[in-house]
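Have a look at entry_14.cif; it's mmCIF, C-alpha atoms, pLDDT in the B column; chains and numbers go by the auth columns:
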data_upload
#
loop_
_atom_site.group_PDB
_atom_site.id
_atom_site.type_symbol
_atom_site.label_atom_id
_atom_site.label_comp_id
_atom_site.label_asym_id
_atom_site.label_seq_id
_atom_site.Cartn_x
_atom_site.Cartn_y
_atom_site.Cartn_z
_atom_site.B_iso_or_equiv
_atom_site.auth_seq_id
_atom_site.auth_asym_id
ATOM 1 C CA ASP A 1 71.662 235.936 87.791 66.00 1 A
ATOM 2 C CA ALA A 2 71.505 239.689 88.366 74.00 2 A
ATOM 3 C CA ALA A 3 73.511 239.533 91.621 65.00 3 A
ATOM 4 C CA THR A 4 76.352 237.626 89.941 64.00 4 A
ATOM 5 C CA VAL A 5 76.436 240.069 87.033 73.00 5 A
ATOM 6 C CA ALA A 6 76.517 243.046 89.422 74.00 6 A
ATOM 7 C CA PHE A 7 79.336 241.460 91.418 69.00 7 A
ATOM 8 C CA GLU A 8 81.396 240.770 88.301 74.00 8 A
ATOM 9 C CA GLU A 9 80.846 244.338 87.138 80.00 9 A
ATOM 10 C CA ALA A 10 82.045 245.647 90.503 76.00 10 A
ATOM 11 C CA ILE A 11 85.170 243.492 90.226 75.00 11 A
ATOM 12 C CA ALA A 12 85.868 244.817 86.741 79.00 12 A
ATOM 13 C CA ILE A 13 85.449 248.445 87.838 78.00 13 A
ATOM 14 C CA ARG A 14 87.701 248.114 90.877 75.00 14 A
ATOM 15 C CA GLU A 15 90.335 246.233 88.906 77.00 15 A
ATOM 16 C CA GLU A 16 90.298 248.900 86.198 79.00 16 A
ATOM 17 C CA LEU A 17 90.710 251.646 88.798 75.00 17 A
ATOM 18 C CA TYR A 18 93.610 249.812 90.400 73.00 18 A
ATOM 19 C CA ARG A 19 95.370 249.032 87.117 76.00 19 A
ATOM 20 C CA GLY A 20 94.981 252.651 86.061 75.00 20 A
ATOM 21 C CA ASN A 21 96.713 253.984 89.168 73.00 21 A
ATOM 22 C CA PRO A 22 98.096 251.177 91.364 71.00 22 A
ATOM 23 C CA LYS A 23 99.941 253.579 93.694 76.00 23 A
ATOM 24 C CA GLU A 24 96.779 255.440 94.697 82.00 24 A
ATOM 25 C CA PRO A 25 95.989 254.222 98.240 84.00 25 A
ATOM 26 C CA GLY A 26 92.236 254.301 97.804 82.00 26 A
ATOM 27 C CA ASN A 27 92.452 252.122 94.713 81.00 27 A
ATOM 28 C CA ARG A 28 94.674 249.570 96.461 85.00 28 A
ATOM 29 C CA HIS A 29 92.384 249.538 99.455 88.00 29 A
ATOM 30 C CA LEU A 30 89.225 248.961 97.422 84.00 30 A
ATOM 31 C CA TYR A 31 90.945 246.366 95.252 84.00 31 A
ATOM 32 C CA SER A 32 92.031 244.452 98.354 90.00 32 A
ATOM 33 C CA ARG A 33 88.395 244.008 99.298 89.00 33 A
ATOM 34 C CA LEU A 34 87.836 241.972 96.142 87.00 34 A
ATOM 35 C CA PHE A 35 90.337 239.402 97.373 90.00 35 A
ATOM 36 C CA VAL A 36 88.569 239.341 100.748 94.00 36 A
ATOM 37 C CA THR A 37 85.220 238.709 99.052 89.00 37 A
ATOM 38 C CA GLN A 38 86.712 235.946 96.913 88.00 38 A
ATOM 39 C CA GLY A 39 88.276 234.442 100.034 94.00 39 A
ATOM 40 C CA PHE A 40 84.896 234.318 101.742 93.00 40 A
ATOM 41 C CA LEU A 41 83.363 232.536 98.759 89.00 41 A
ATOM 42 C CA LEU A 42 86.134 229.932 98.815 92.00 42 A
ATOM 43 C CA GLN A 43 85.713 229.502 102.586 94.00 43 A
ATOM 44 C CA GLN A 44 82.024 228.792 102.124 93.00 44 A
ATOM 45 C CA ASN A 45 82.927 226.048 99.654 92.00 45 A
ATOM 46 C CA GLY A 46 85.416 224.526 102.108 95.00 46 A
ATOM 47 C CA ASN A 47 88.452 225.449 99.996 95.00 47 A
ATOM 48 C CA PHE A 48 90.450 226.874 102.879 97.00 48 A
ATOM 49 C CA GLU A 49 93.904 226.854 101.287 97.00 49 A
ATOM 50 C CA ALA A 50 92.692 228.824 98.282 95.00 50 A
ATOM 51 C CA ALA A 51 90.793 231.149 100.622 96.00 51 A
ATOM 52 C CA ALA A 52 93.964 231.787 102.622 97.00 52 A
ATOM 53 C CA GLU A 53 95.756 232.652 99.384 96.00 53 A
ATOM 54 C CA GLN A 54 93.097 235.235 98.497 94.00 54 A
ATOM 55 C CA PHE A 55 93.192 236.766 101.962 97.00 55 A
ATOM 56 C CA GLY A 56 96.985 236.843 101.686 97.00 56 A
ATOM 57 C CA LYS A 57 96.673 238.853 98.471 94.00 57 A
ATOM 58 C CA ALA A 58 94.410 241.291 100.289 95.00 58 A
ATOM 59 C CA VAL A 59 97.062 241.642 103.003 97.00 59 A
ATOM 60 C CA GLU A 60 99.749 242.327 100.378 95.00 60 A
ATOM 61 C CA MET A 61 97.583 245.075 98.899 92.00 61 A
ATOM 62 C CA ILE A 62 96.854 246.801 102.216 94.00 62 A
ATOM 63 C CA VAL A 63 100.259 246.549 103.939 95.00 63 A
ATOM 64 C CA PRO A 64 101.959 249.366 102.000 93.00 64 A
ATOM 65 C CA VAL A 65 98.874 251.578 102.334 92.00 65 A
ATOM 66 C CA SER A 66 98.704 250.973 106.079 94.00 66 A
ATOM 67 C CA ALA A 67 102.439 251.653 106.416 94.00 67 A
ATOM 68 C CA SER A 68 102.239 254.883 104.423 93.00 68 A
ATOM 69 C CA TYR A 69 99.128 256.136 106.210 93.00 69 A
ATOM 70 C CA PRO A 70 99.345 254.685 109.729 94.00 70 A
ATOM 71 C CA SER A 71 96.938 257.255 111.173 94.00 71 A
ATOM 72 C CA VAL A 72 94.070 256.208 108.881 94.00 72 A
ATOM 73 C CA PHE A 73 92.126 253.820 111.089 96.00 73 A
ATOM 74 C CA GLU A 74 90.168 252.270 108.218 95.00 74 A
ATOM 75 C CA TYR A 75 93.394 250.921 106.678 94.00 75 A
ATOM 76 C CA GLN A 76 94.576 249.507 110.007 95.00 76 A
ATOM 77 C CA ARG A 77 91.196 247.942 110.691 95.00 77 A
ATOM 78 C CA ASP A 78 90.952 246.242 107.297 96.00 78 A
ATOM 79 C CA LEU A 79 94.522 244.934 107.505 97.00 79 A
ATOM 80 C CA VAL A 80 93.768 243.414 110.911 97.00 80 A
ATOM 81 C CA ALA A 81 90.634 241.821 109.473 97.00 81 A
ATOM 82 C CA ALA A 82 92.389 240.415 106.376 97.00 82 A
ATOM 83 C CA ARG A 83 95.170 238.908 108.468 98.00 83 A
ATOM 84 C CA GLY A 84 92.601 237.407 110.803 97.00 84 A
ATOM 85 C CA TYR A 85 90.696 235.826 107.909 97.00 85 A
ATOM 86 C CA GLN A 86 93.948 234.436 106.514 98.00 86 A
ATOM 87 C CA ILE A 87 94.881 232.914 109.885 98.00 87 A
ATOM 88 C CA ASP A 88 91.441 231.346 110.283 97.00 88 A
ATOM 89 C CA SER A 89 91.646 229.805 106.813 98.00 89 A
ATOM 90 C CA LEU A 90 95.123 228.395 107.397 98.00 90 A
ATOM 91 C CA ILE A 91 94.059 226.877 110.707 97.00 91 A
ATOM 92 C CA SER A 92 90.994 225.346 109.029 97.00 92 A
ATOM 93 C CA ALA A 93 93.342 223.966 106.349 97.00 93 A
ATOM 94 C CA LYS A 94 95.441 222.438 109.189 97.00 94 A
ATOM 95 C CA LYS A 95 98.399 224.668 108.326 97.00 95 A
ATOM 96 C CA VAL A 96 98.991 226.141 111.768 94.00 96 A
ATOM 97 C CA ALA A 97 102.755 226.453 111.189 94.00 97 A
ATOM 98 C CA ASP A 98 102.055 228.685 108.172 97.00 98 A
ATOM 99 C CA ALA A 99 99.632 230.754 110.240 97.00 99 A
ATOM 100 C CA ILE A 100 102.058 231.573 113.081 96.00 100 A
ATOM 101 C CA PRO A 101 104.190 234.246 111.324 97.00 101 A
ATOM 102 C CA ILE A 102 101.011 235.956 110.091 97.00 102 A
ATOM 103 C CA TRP A 103 99.592 235.688 113.598 97.00 103 A
ATOM 104 C CA LYS A 104 102.703 237.370 114.997 97.00 104 A
ATOM 105 C CA ALA A 105 102.476 240.124 112.382 97.00 105 A
ATOM 106 C CA LEU A 106 98.848 240.687 113.393 98.00 106 A
ATOM 107 C CA ALA A 107 99.712 240.827 117.098 97.00 107 A
ATOM 108 C CA GLU A 108 102.553 243.276 116.448 97.00 108 A
ATOM 109 C CA GLN A 109 100.311 245.422 114.284 97.00 109 A
ATOM 110 C CA LEU A 110 97.742 245.615 117.083 97.00 110 A
ATOM 111 C CA ILE A 111 100.399 246.659 119.601 96.00 111 A
ATOM 112 C CA GLN A 112 101.643 249.373 117.239 96.00 112 A
ATOM 113 C CA ALA A 113 98.131 250.507 116.312 96.00 113 A
ATOM 114 C CA ARG A 114 97.249 251.017 119.972 95.00 114 A
ATOM 115 C CA THR A 115 100.074 253.562 120.245 95.00 115 A
ATOM 116 C CA ILE A 116 98.456 255.505 117.393 96.00 116 A
ATOM 117 C CA PHE A 117 94.835 254.945 118.448 95.00 117 A
ATOM 118 C CA PRO A 118 95.097 254.561 122.240 93.00 118 A
ATOM 119 C CA ASN A 119 91.362 255.112 122.783 91.00 119 A
ATOM 120 C CA GLU A 120 90.086 252.735 120.102 93.00 120 A
ATOM 121 C CA ARG A 121 88.096 249.954 121.733 92.00 121 A
ATOM 122 C CA GLN A 122 87.992 247.849 118.558 93.00 122 A
ATOM 123 C CA LEU A 123 91.727 247.234 118.852 94.00 123 A
ATOM 124 C CA VAL A 124 91.297 245.909 122.380 94.00 124 A
ATOM 125 C CA SER A 125 88.600 243.521 121.166 93.00 125 A
ATOM 126 C CA ARG A 126 90.894 242.234 118.438 94.00 126 A
ATOM 127 C CA MET A 127 93.740 241.747 120.956 94.00 127 A
ATOM 128 C CA GLN A 128 91.415 239.758 123.178 93.00 128 A
ATOM 129 C CA GLU A 129 90.374 237.698 120.173 93.00 129 A
ATOM 130 C CA TRP A 130 93.854 236.831 118.880 95.00 130 A
ATOM 131 C CA ASN A 131 96.513 237.159 121.578 94.00 131 A
ATOM 132 C CA GLU A 132 95.499 234.269 123.804 92.00 132 A
ATOM 133 C CA GLY A 133 95.757 231.597 121.112 93.00 133 A
ATOM 134 C CA LEU A 134 99.077 232.940 119.846 95.00 134 A
ATOM 135 C CA ALA A 135 100.541 233.144 123.347 94.00 135 A
ATOM 136 C CA GLU A 136 99.514 229.556 124.044 92.00 136 A
ATOM 137 C CA LEU A 137 101.128 228.346 120.809 93.00 137 A
ATOM 138 C CA LEU A 138 104.344 230.208 121.566 94.00 138 A
ATOM 139 C CA THR A 139 104.403 228.737 125.073 92.00 139 A
ATOM 140 C CA GLU A 140 104.125 225.250 123.566 91.00 140 A
ATOM 141 C CA GLN A 141 107.058 226.086 121.294 93.00 141 A
ATOM 142 C CA GLY A 142 109.173 227.271 124.226 92.00 142 A
ATOM 143 C CA ASP A 143 109.052 230.956 123.243 94.00 143 A
ATOM 144 C CA SER A 144 108.232 232.314 126.684 91.00 144 A
ATOM 145 C CA ALA A 145 109.401 235.843 125.808 92.00 145 A
ATOM 146 C CA GLY A 146 107.034 236.017 122.853 93.00 146 A
ATOM 147 C CA ALA A 147 104.178 234.518 124.857 93.00 147 A
ATOM 148 C CA ASN A 148 104.733 237.004 127.685 93.00 148 A
ATOM 149 C CA ARG A 149 104.700 239.909 125.233 94.00 149 A
ATOM 150 C CA TYR A 150 101.296 239.008 123.828 95.00 150 A
ATOM 151 C CA TRP A 151 99.772 238.010 127.161 94.00 151 A
ATOM 152 C CA LYS A 152 100.872 241.338 128.629 93.00 152 A
ATOM 153 C CA ALA A 153 99.473 243.299 125.684 94.00 153 A
ATOM 154 C CA ALA A 154 96.107 241.575 126.102 93.00 154 A
ATOM 155 C CA ILE A 155 96.062 242.118 129.860 93.00 155 A
ATOM 156 C CA ASP A 156 97.134 245.770 129.716 93.00 156 A
ATOM 157 C CA SER A 157 94.589 246.639 127.032 94.00 157 A
ATOM 158 C CA SER A 158 91.821 244.733 128.862 94.00 158 A
ATOM 159 C CA LEU A 159 92.565 246.588 132.110 94.00 159 A
ATOM 160 C CA TRP A 160 92.551 249.879 130.210 95.00 160 A
ATOM 161 C CA LEU A 161 89.089 249.088 128.858 93.00 161 A
ATOM 162 C CA ILE A 162 87.619 248.903 132.371 93.00 162 A
ATOM 163 C CA SER A 163 89.410 252.050 133.552 91.00 163 A
ATOM 164 C CA SER A 164 88.021 255.596 133.541 88.00 164 A
ATOM 165 C CA ASP A 165 90.522 256.416 130.774 88.00 165 A
ATOM 166 C CA ALA A 166 88.394 254.374 128.364 87.00 166 A
ATOM 167 C CA ASP A 167 85.191 256.256 129.122 86.00 167 A
ATOM 168 C CA ILE A 168 83.555 257.994 126.170 87.00 168 A
ATOM 169 C CA PRO A 169 82.106 261.406 127.123 86.00 169 A
ATOM 170 C CA GLY A 170 78.335 261.359 126.938 88.00 170 A
ATOM 171 C CA GLN A 171 78.240 257.584 126.392 87.00 171 A
ATOM 172 C CA PRO A 172 78.359 255.909 129.801 85.00 172 A
ATOM 173 C CA SER A 173 79.058 252.202 129.752 88.00 173 A
ATOM 174 C CA THR A 174 76.287 249.897 130.936 91.00 174 A
ATOM 175 C CA GLU A 175 76.703 247.554 133.872 92.00 175 A
ATOM 176 C CA ALA A 176 76.479 244.637 131.452 94.00 176 A
ATOM 177 C CA GLN A 177 79.347 246.036 129.375 93.00 177 A
ATOM 178 C CA LYS A 178 81.468 246.654 132.459 94.00 178 A
ATOM 179 C CA ALA A 179 80.794 243.119 133.665 96.00 179 A
ATOM 180 C CA SER A 180 81.782 241.620 130.321 95.00 180 A
ATOM 181 C CA TRP A 181 84.957 243.682 130.113 95.00 181 A
ATOM 182 C CA SER A 182 85.836 242.864 133.731 96.00 182 A
ATOM 183 C CA ASN A 183 85.327 239.177 133.040 96.00 183 A
ATOM 184 C CA ASN A 184 87.616 239.335 130.008 95.00 184 A
ATOM 185 C CA ALA A 185 90.358 241.070 131.977 95.00 185 A
ATOM 186 C CA ALA A 186 89.997 238.555 134.808 95.00 186 A
ATOM 187 C CA TRP A 187 90.205 235.663 132.364 95.00 187 A
ATOM 188 C CA PHE A 188 93.466 236.903 130.856 94.00 188 A
ATOM 189 C CA LEU A 189 94.947 237.370 134.325 94.00 189 A
ATOM 190 C CA ALA A 190 93.917 233.807 135.182 92.00 190 A
ATOM 191 C CA ALA A 191 94.974 232.163 131.927 90.00 191 A
ATOM 192 C CA ALA A 192 98.218 234.004 131.203 88.00 192 A
ATOM 193 C CA THR A 193 101.341 231.940 131.767 82.00 193 A
ATOM 194 C CA LEU A 194 103.347 235.040 132.626 78.00 194 A
ATOM 195 C CA GLU A 195 106.606 234.998 134.518 74.00 195 A
ATOM 196 C CA PRO A 196 106.040 236.475 137.038 76.00 196 A
ATOM 197 C CA ARG A 197 102.306 235.888 137.236 79.00 197 A
ATOM 198 C CA GLY A 198 99.902 238.774 136.813 81.00 198 A
ATOM 199 C CA ASP A 199 97.820 240.346 139.557 89.00 199 A
ATOM 200 C CA LEU A 200 95.576 237.406 140.461 92.00 200 A
ATOM 201 C CA ALA A 201 93.996 239.303 143.349 93.00 201 A
ATOM 202 C CA LYS A 202 92.902 241.985 140.893 94.00 202 A
ATOM 203 C CA GLY A 203 91.554 239.263 138.629 94.00 203 A
ATOM 204 C CA GLU A 204 89.509 237.843 141.501 95.00 204 A
ATOM 205 C CA GLU A 205 88.075 241.292 142.249 96.00 205 A
ATOM 206 C CA LEU A 206 87.048 241.730 138.613 96.00 206 A
ATOM 207 C CA ALA A 207 85.573 238.245 138.333 96.00 207 A
ATOM 208 C CA LEU A 208 83.538 238.750 141.508 97.00 208 A
ATOM 209 C CA PHE A 209 82.152 241.998 140.106 96.00 209 A
ATOM 210 C CA ALA A 210 81.146 240.306 136.848 97.00 210 A
ATOM 211 C CA VAL A 211 79.362 237.491 138.719 97.00 211 A
ATOM 212 C CA LYS A 212 77.631 240.012 140.979 96.00 212 A
ATOM 213 C CA VAL A 213 76.240 241.828 137.931 96.00 213 A
ATOM 214 C CA ASN A 214 75.187 238.619 136.180 96.00 214 A
ATOM 215 C CA PRO A 215 75.152 235.645 138.567 95.00 215 A
ATOM 216 C CA GLU A 216 73.463 233.470 135.929 95.00 216 A
ATOM 217 C CA SER A 217 76.388 233.672 133.496 96.00 217 A
ATOM 218 C CA SER A 218 78.192 230.332 133.320 96.00 218 A
ATOM 219 C CA ASN A 219 81.035 232.084 131.492 96.00 219 A
ATOM 220 C CA PHE A 220 81.540 234.551 134.334 96.00 220 A
ATOM 221 C CA ARG A 221 81.385 231.785 136.946 96.00 221 A
ATOM 222 C CA HIS A 222 83.937 229.752 135.008 96.00 222 A
ATOM 223 C CA THR A 223 86.324 232.707 135.030 96.00 223 A
ATOM 224 C CA LEU A 224 85.863 233.162 138.769 95.00 224 A
ATOM 225 C CA ALA A 225 86.504 229.470 139.371 95.00 225 A
ATOM 226 C CA GLN A 226 89.676 229.633 137.282 94.00 226 A
ATOM 227 C CA ILE A 227 91.059 232.693 139.059 94.00 227 A
ATOM 228 C CA LEU A 228 90.364 231.081 142.451 94.00 228 A
ATOM 229 C CA TYR A 229 92.039 227.854 141.303 93.00 229 A
ATOM 230 C CA GLU A 230 95.132 229.763 140.186 91.00 230 A
ATOM 231 C CA GLN A 231 95.398 231.151 143.726 87.00 231 A
ATOM 232 C CA ALA A 232 94.922 227.690 145.268 86.00 232 A
ATOM 233 C CA LYS A 233 91.636 228.816 146.847 86.00 233 A
ATOM 234 C CA TYR A 234 90.080 225.437 146.245 78.00 234 A
ATOM 235 C CA ALA A 235 87.505 225.617 149.032 69.00 235 A
ATOM 236 C CA GLU A 236 85.963 228.783 147.574 66.00 236 A
#
If you took the structure in this file and wrote it as structure tokens, what would it be?
Amino acid sequence: DAATVAFEEAIAIREELYRGNPKEPGNRHLYSRLFVTQGFLLQQNGNFEAAAEQFGKAVEMIVPVSASYPSVFEYQRDLVAARGYQIDSLISAKKVADAIPIWKALAEQLIQARTIFPNERQLVSRMQEWNEGLAELLTEQGDSAGANRYWKAAIDSSLWLISSDADIPGQPSTEAQKASWSNNAAWFLAAATLEPRGDLAKGEELALFAVKVNPESSNFRHTLAQILYEQAKYAE
């Protein structure tokens, strides 16, 4: 059909541009998106191993561009996304062991990217999305140092998000946003198997605020219950 023809033409154009000048960062970046698109199509068909391979090719294309131009957020963002898609596909293919080194590379990239883009909220969201699962896996494997590193990164970035430092001039955060961010920070403080433990009292304060803003949220109430449990406040 017309959509298929248009897609194939787009592939041909991007491939031609890349082959003509493979060192040009824009060409590599655009070409990487073809692998991402192909990975999505394979995912939809349930072919997760092949999808992971395509996402891996996208990662290979973007890594040198991201390394050469670390201050271009678009490159960092798309590399984070491609790695995330690859991890998801490997997990769906029941290849968790293969996913772990990619997961670590993603977590390290996010830590490094936050030093370059300290006010970028998207990076915090991605840390919250990926660090918990990785930290739990590393804990199971006995890598407490690695787990602590990624728990701490998630906690620190989550606490930054609810601080005045994260405010965007002229764009005040809503109470609902603040409640959601506070809940996320509280959850990481409750769930993190840090040695020593994080500030559970601070987590309780944040969880109480979130529940006050939205008392109907079962998610917020679950976080509050967890933070109270971690402090042995069973009666509350």
Inset, instruction - Starting from the displayed file, determine the output of the PyMOL selection byres ((chain A and resi 181) around 10) and express the residue list as a list of chain:residue names. - result: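 Expected selection for the PyMOL selection byres ((chain A and resi 181) around 10) here is A:Ser125, A:Ser158, A:Leu159, A:Trp160, A:Leu161, A:Ile162, A:Glu175, A:Ala176, A:Gln177, A:Lys178, A:Ala179, A:Ser180, A:Ser182, A:Asn183, A:Asn184, A:Ala185, A:Ala186, A:Trp187, A:Leu206, A:Ala207, A:Ala210.
Atom to atom, atom CA of Leu90 of chain A and atom CA of Leu138 of chain A stand 17.0 Å apart.
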Inset, instruction - To verify the selection step, state as a PyMOL selection string which residues the PyMOL selection byres ((chain A and resi 49-66) around 10) yields on this input. - result: chain A and resi 22-48+67-95+99+102
Report, as AutoDock Vina command-line options, the axis-aligned box around all atoms of segment 27-38 of chain A present in the file, extended by 8 Å on each side; give centre and edge lengths in Å to one decimal place.
--center_x 89.9 --center_y 244.0 --center_z 97.7 --size_x 25.5 --size_y 32.2 --size_z 22.0
Legend entry - From A:Glu195, A:Glu140, A:Glu108, A:Asp167, residue lying nearest Ala154 of chain A [all atoms listed in the file]: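 Among the listed residues, A:Glu108 lies closest to Ala154 of chain A.
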Legend entry - Atom pair atom CA of Asn21 of chain A / atom CA of Gln109 of chain A: separation (Å):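 It comes out at 26.8 Å.
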Pull C-alpha atoms for segment 100-181 of chain A from the block and write them as a PDB file, in the first residue's frame.
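The resulting file, out_2.pdb, is reproduced below:
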ATOM      1  CA  ILE A 100      22.091  -6.394  32.459  1.00  0.00           C
ATOM      2  CA  PRO A 101      25.262  -4.921  30.861  1.00  0.00           C
ATOM      3  CA  ILE A 102      23.096  -2.747  28.596  1.00  0.00           C
ATOM      4  CA  TRP A 103      21.042  -1.758  31.628  1.00  0.00           C
ATOM      5  CA  LYS A 104      24.214  -0.719  33.451  1.00  0.00           C
ATOM      6  CA  ALA A 105      25.381   1.276  30.429  1.00  0.00           C
ATOM      7  CA  LEU A 106      22.011   3.048  30.387  1.00  0.00           C
ATOM      8  CA  ALA A 107      22.171   3.830  34.108  1.00  0.00           C
ATOM      9  CA  GLU A 108      25.721   5.166  33.780  1.00  0.00           C
ATOM     10  CA  GLN A 109      24.738   7.262  30.788  1.00  0.00           C
ATOM     11  CA  LEU A 110      21.899   8.826  32.778  1.00  0.00           C
ATOM     12  CA  ILE A 111      24.235   9.668  35.663  1.00  0.00           C
ATOM     13  CA  GLN A 112      26.707  11.279  33.258  1.00  0.00           C
ATOM     14  CA  ALA A 113      23.990  13.084  31.300  1.00  0.00           C
ATOM     15  CA  ARG A 114      22.658  14.684  34.479  1.00  0.00           C
ATOM     16  CA  THR A 115      26.053  16.334  35.009  1.00  0.00           C
ATOM     17  CA  ILE A 116      25.711  17.904  31.552  1.00  0.00           C
ATOM     18  CA  PHE A 117      21.975  18.640  31.747  1.00  0.00           C
ATOM     19  CA  PRO A 118      21.390  19.122  35.491  1.00  0.00           C
ATOM     20  CA  ASN A 119      18.004  20.800  34.978  1.00  0.00           C
ATOM     21  CA  GLU A 120      16.547  18.298  32.512  1.00  0.00           C
ATOM     22  CA  ARG A 121      13.497  16.655  34.045  1.00  0.00           C
ATOM     23  CA  GLN A 122      13.306  13.961  31.357  1.00  0.00           C
ATOM     24  CA  LEU A 123      16.517  12.425  32.679  1.00  0.00           C
ATOM     25  CA  VAL A 124      15.034  12.161  36.160  1.00  0.00           C
ATOM     26  CA  SER A 125      11.983  10.395  34.737  1.00  0.00           C
ATOM     27  CA  ARG A 126      14.199   7.906  32.935  1.00  0.00           C
ATOM     28  CA  MET A 127      16.215   7.270  36.130  1.00  0.00           C
ATOM     29  CA  GLN A 128      13.001   6.599  38.006  1.00  0.00           C
ATOM     30  CA  GLU A 129      11.924   4.248  35.237  1.00  0.00           C
ATOM     31  CA  TRP A 130      15.111   2.166  35.025  1.00  0.00           C
ATOM     32  CA  ASN A 131      17.183   2.383  38.206  1.00  0.00           C
ATOM     33  CA  GLU A 132      14.893   0.512  40.569  1.00  0.00           C
ATOM     34  CA  GLY A 133      14.764  -2.693  38.528  1.00  0.00           C
ATOM     35  CA  LEU A 134      18.515  -2.669  37.923  1.00  0.00           C
ATOM     36  CA  ALA A 135      19.290  -2.042  41.591  1.00  0.00           C
ATOM     37  CA  GLU A 136      17.044  -4.927  42.614  1.00  0.00           C
ATOM     38  CA  LEU A 137      18.749  -7.278  40.144  1.00  0.00           C
ATOM     39  CA  LEU A 138      22.195  -6.255  41.351  1.00  0.00           C
ATOM     40  CA  THR A 139      21.123  -6.796  44.960  1.00  0.00           C
ATOM     41  CA  GLU A 140      20.014 -10.325  44.054  1.00  0.00           C
ATOM     42  CA  GLN A 141      23.427 -10.907  42.480  1.00  0.00           C
ATOM     43  CA  GLY A 142      25.229  -9.686  45.600  1.00  0.00           C
ATOM     44  CA  ASP A 143      26.494  -6.460  44.000  1.00  0.00           C
ATOM     45  CA  SER A 144      25.536  -4.142  46.839  1.00  0.00           C
ATOM     46  CA  ALA A 145      27.927  -1.394  45.691  1.00  0.00           C
ATOM     47  CA  GLY A 146      26.336  -1.287  42.253  1.00  0.00           C
ATOM     48  CA  ALA A 147      22.829  -1.408  43.704  1.00  0.00           C
ATOM     49  CA  ASN A 148      23.625   1.431  46.110  1.00  0.00           C
ATOM     50  CA  ARG A 149      24.992   3.553  43.267  1.00  0.00           C
ATOM     51  CA  TYR A 150      21.803   3.320  41.230  1.00  0.00           C
ATOM     52  CA  TRP A 151      19.447   3.616  44.195  1.00  0.00           C
ATOM     53  CA  LYS A 152      21.275   6.760  45.297  1.00  0.00           C
ATOM     54  CA  ALA A 153      21.159   8.263  41.804  1.00  0.00           C
ATOM     55  CA  ALA A 154      17.400   7.693  41.655  1.00  0.00           C
ATOM     56  CA  ILE A 155      16.838   9.115  45.132  1.00  0.00           C
ATOM     57  CA  ASP A 156      19.042  12.180  44.635  1.00  0.00           C
ATOM     58  CA  SER A 157      17.462  13.047  41.291  1.00  0.00           C
ATOM     59  CA  SER A 158      13.937  12.482  42.668  1.00  0.00           C
ATOM     60  CA  LEU A 159      14.626  14.783  45.630  1.00  0.00           C
ATOM     61  CA  TRP A 160      16.033  17.391  43.251  1.00  0.00           C
ATOM     62  CA  LEU A 161      12.815  17.290  41.231  1.00  0.00           C
ATOM     63  CA  ILE A 162      10.740  18.370  44.242  1.00  0.00           C
ATOM     64  CA  SER A 163      13.204  21.085  45.275  1.00  0.00           C
ATOM     65  CA  SER A 164      13.067  24.766  44.307  1.00  0.00           C
ATOM     66  CA  ASP A 165      16.166  24.169  42.157  1.00  0.00           C
ATOM     67  CA  ALA A 166      13.977  22.280  39.679  1.00  0.00           C
ATOM     68  CA  ASP A 167      11.475  25.101  39.274  1.00  0.00           C
ATOM     69  CA  ILE A 168      11.069  26.460  35.753  1.00  0.00           C
ATOM     70  CA  PRO A 169      10.654  30.265  35.712  1.00  0.00           C
ATOM     71  CA  GLY A 170       7.175  31.222  34.599  1.00  0.00           C
ATOM     72  CA  GLN A 171       5.964  27.606  34.704  1.00  0.00           C
ATOM     73  CA  PRO A 172       4.900  26.834  38.269  1.00  0.00           C
ATOM     74  CA  SER A 173       4.355  23.181  39.035  1.00  0.00           C
ATOM     75  CA  THR A 174       0.818  22.089  39.865  1.00  0.00           C
ATOM     76  CA  GLU A 175      -0.101  20.501  43.169  1.00  0.00           C
ATOM     77  CA  ALA A 176      -0.806  17.268  41.309  1.00  0.00           C
ATOM     78  CA  GLN A 177       2.693  17.274  39.808  1.00  0.00           C
ATOM     79  CA  LYS A 178       4.290  18.003  43.171  1.00  0.00           C
ATOM     80  CA  ALA A 179       2.294  15.192  44.759  1.00  0.00           C
ATOM     81  CA  SER A 180       3.345  12.719  42.078  1.00  0.00           C
ATOM     82  CA  TRP A 181       6.997  13.707  42.321  1.00  0.00           C
TER      83      TRP A 181
END
